[in-house]
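A short write-up of the structure that comes next.
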Amino acid sequence: MLFYFESLPVENWANTYFKGKRYGEMTSNTVESFNNQILKFRHLPICDLVDKVRVLLMEQMCERKQLSSKWNSSVCPVMDKKLVDRFDKGRTWHVAAANDDIFEVYSLPTVVVDLKRMTCTCCRWELHCFPCVHAVTVIQKTKRQLCNYINPYYTIAAFQLSYKVAINPIPTLGAPVVTKESAIILPPKTRRPRGRPKVVRIRSRGEKVKQLKCGRCGKLGKHNRRTCKEACD
């Protein structure tokens, strides 16, 4: 396992070296969820499969757009609940100010929060791009606006922007008419090339040719005992 990880670029499996923003996601759950949704369509021909996926995404985008129109907060409900939980957890912690932006939070363990740089020594604020429990505690006790420290990615406006453009339906009239006769695919019309057809597989350039050792003369080459033409003493 160690050799396997060492053979991979560190930015592919270590969050610290990732060049972009993962927002705390280190799994392929999104891909697995999509594969599970299309599991009942995977036996279909490719054109029918693509159309089923189109309808699935069309309905999902419409449902999520309508759902987000009923939200009243500025942050998505899942993240809004996390903020409430973090408010409650850090309610009893003591906060000491070093200056206008840097604070020391006496929790277990004690950490340092920099509101200007949006960092915390617990590193969760940087990894998730969302205020950790220590940052939320500092913002609450200093009576600052929490929305100024939340990444726009987590806002309802960003969520609604993702589902702003709808996928248009495709009527059956626009699809080609497929009859039973037209569904039969005939082999392509080709002409047989001149000469005797090759039987031996054509080897690639990088493929190594194994040399044979002749049982008669003992030399390496492409001949054997039956085809050997070497003179023997």
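Naming scheme: A, B, ... for chains in displayed order of the structure tokens; residues 1 onward per chain; ligands 1 onward as shown.
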
Contact table stretch 120-170 of chain A vs stretch 79-88 of chain A, cut-off 7 Å, shortest pair per residue, only C-alpha atoms, as a Markdown table:
| residue | atom | partner | partner_atom | distance |
| --- | --- | --- | --- | --- |
| A:Val133 | CA | A:Arg86 | CA | 4.9 |
| A:Val136 | CA | A:Phe87 | CA | 6.4 |
| A:Thr137 | CA | A:Phe87 | CA | 6.3 |

Let me see the file: selected residues, C-alpha atoms, as a PDB file, in the first residue's frame.
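The file below, again.pdb, is the result:
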ATOM      1  CA  VAL A 133     -16.137  26.238  15.328  1.00  0.00           C
ATOM      2  CA  VAL A 136     -17.630  31.077  14.548  1.00  0.00           C
ATOM      3  CA  THR A 137     -17.032  31.582  18.275  1.00  0.00           C
TER       4      THR A 137
END

Find the residues around A:Leu161 up to 12 Å (only C-alpha atoms counted), leave out those fewer than 5 positions away in its own chain, and share them as a list in words.
-> Met61, Arg64, Lys65, Ser68, Ser69, Pro152, Tyr153, Tyr154, Thr155, Ile156 and Ala166 of chain A

Write the residues of the selection above to a file with C-alpha atoms, as a CSV table (one decimal), in the first residue's frame.
chain,number,residue,atom,x,y,z
A,61,MET,CA,-32.6,20.7,-11.8
A,64,ARG,CA,-33.8,21.8,-6.8
A,65,LYS,CA,-34.5,25.2,-8.3
A,68,SER,CA,-34.2,26.7,-3.2
A,69,SER,CA,-36.8,29.3,-3.9
A,152,PRO,CA,-19.9,32.5,-1.7
A,153,TYR,CA,-19.8,28.8,-2.7
A,154,TYR,CA,-22.0,28.0,0.3
A,155,THR,CA,-24.6,30.7,-0.3
A,156,ILE,CA,-28.1,30.1,-1.6
A,166,ALA,CA,-33.0,24.6,-17.5

Surrounding residues of A:Ala97 excluding itself and chain neighbours under 5 positions, 10 Å, only C-alpha atoms, as a list in words | Ile102, Phe103, Glu104, Val105, Val112, Val113, Val138 and Thr142 of chain A

Writer output for current selection, C-alpha atoms, as an mmCIF file, in the first residue's frame:
data_model
loop_
_atom_site.group_PDB
_atom_site.id
_atom_site.type_symbol
_atom_site.label_atom_id
_atom_site.label_comp_id
_atom_site.auth_asym_id
_atom_site.auth_seq_id
_atom_site.Cartn_x
_atom_site.Cartn_y
_atom_site.Cartn_z
ATOM 1 C CA ILE A 102 -6.096 37.905 15.635
ATOM 2 C CA PHE A 103 -7.662 36.057 18.580
ATOM 3 C CA GLU A 104 -6.787 33.189 20.874
ATOM 4 C CA VAL A 105 -9.583 30.738 21.613
ATOM 5 C CA VAL A 112 -5.323 31.036 17.092
ATOM 6 C CA VAL A 113 -7.875 32.560 14.693
ATOM 7 C CA VAL A 138 -14.754 34.581 17.648
ATOM 8 C CA THR A 142 -16.898 40.110 18.650
#

Could you pull out the residues in stretch 33-224 of chain A that DSSP calls helix (DSSP H, G or I) from the backbone, as number ranges by chain?
-> A: 33-37, 39-41, 46-68, 77-89, 124-128, 133-141, 146-149, 152-154, 156-162, 172-174

Show which residues sit within 10 Å of stretch 26-31 of chain A, as a VMD selection string. Count only C-alpha atoms, and ignore same-chain residues fewer than 3 positions away.
-> chain A and resid 12 to 15 22 to 23 34 to 37

Selected residue, from A:Asp114, A:Arg42, A:Cys129, A:Met58, that lies nearest to A:Val165 when counting only C-alpha atoms |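 Looking at the shortest contact to A:Val165, the residue is A:Met58.
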
Excluding A:Pro169 and residues on its chain fewer than 5 positions from it, collect all residues at most 10 Å away from it, counting only C-alpha atoms, and give them as a list in words.
-> Asp51, Arg54, Val55 and Met58 of chain A

Name the residues in contact with A:Lys210 at a cut-off of 12 Å, using only C-alpha atoms, excluding same-chain residues fewer than 4 positions from it; report them as a list in words.
->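 Here the qualifying residues turn out to be Arg203, Leu220, Gly221, Lys222 and His223 of chain A.
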
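Distances to A:Lys89 were evaluated for A:Ile38, A:Cys62, A:Gln140, A:Asp101 using only C-alpha atoms, and the minimum falls at A:Gln140.
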
Contacts of A:Phe41 at 9 Å (only C-alpha atoms; same-chain gap of 4+ positions) as a list of chain:residue names |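 So, after excluding close chain neighbours, the residues are A:Gln37, A:Pro45, A:Asp48, A:Leu49, A:Lys52, A:Val53.
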
How far is it from atom CA of A:Thr92 to atom CA of A:Tyr106, in Å with one decimal?
->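 Distance reported for this atom pair: 9.7 Å.
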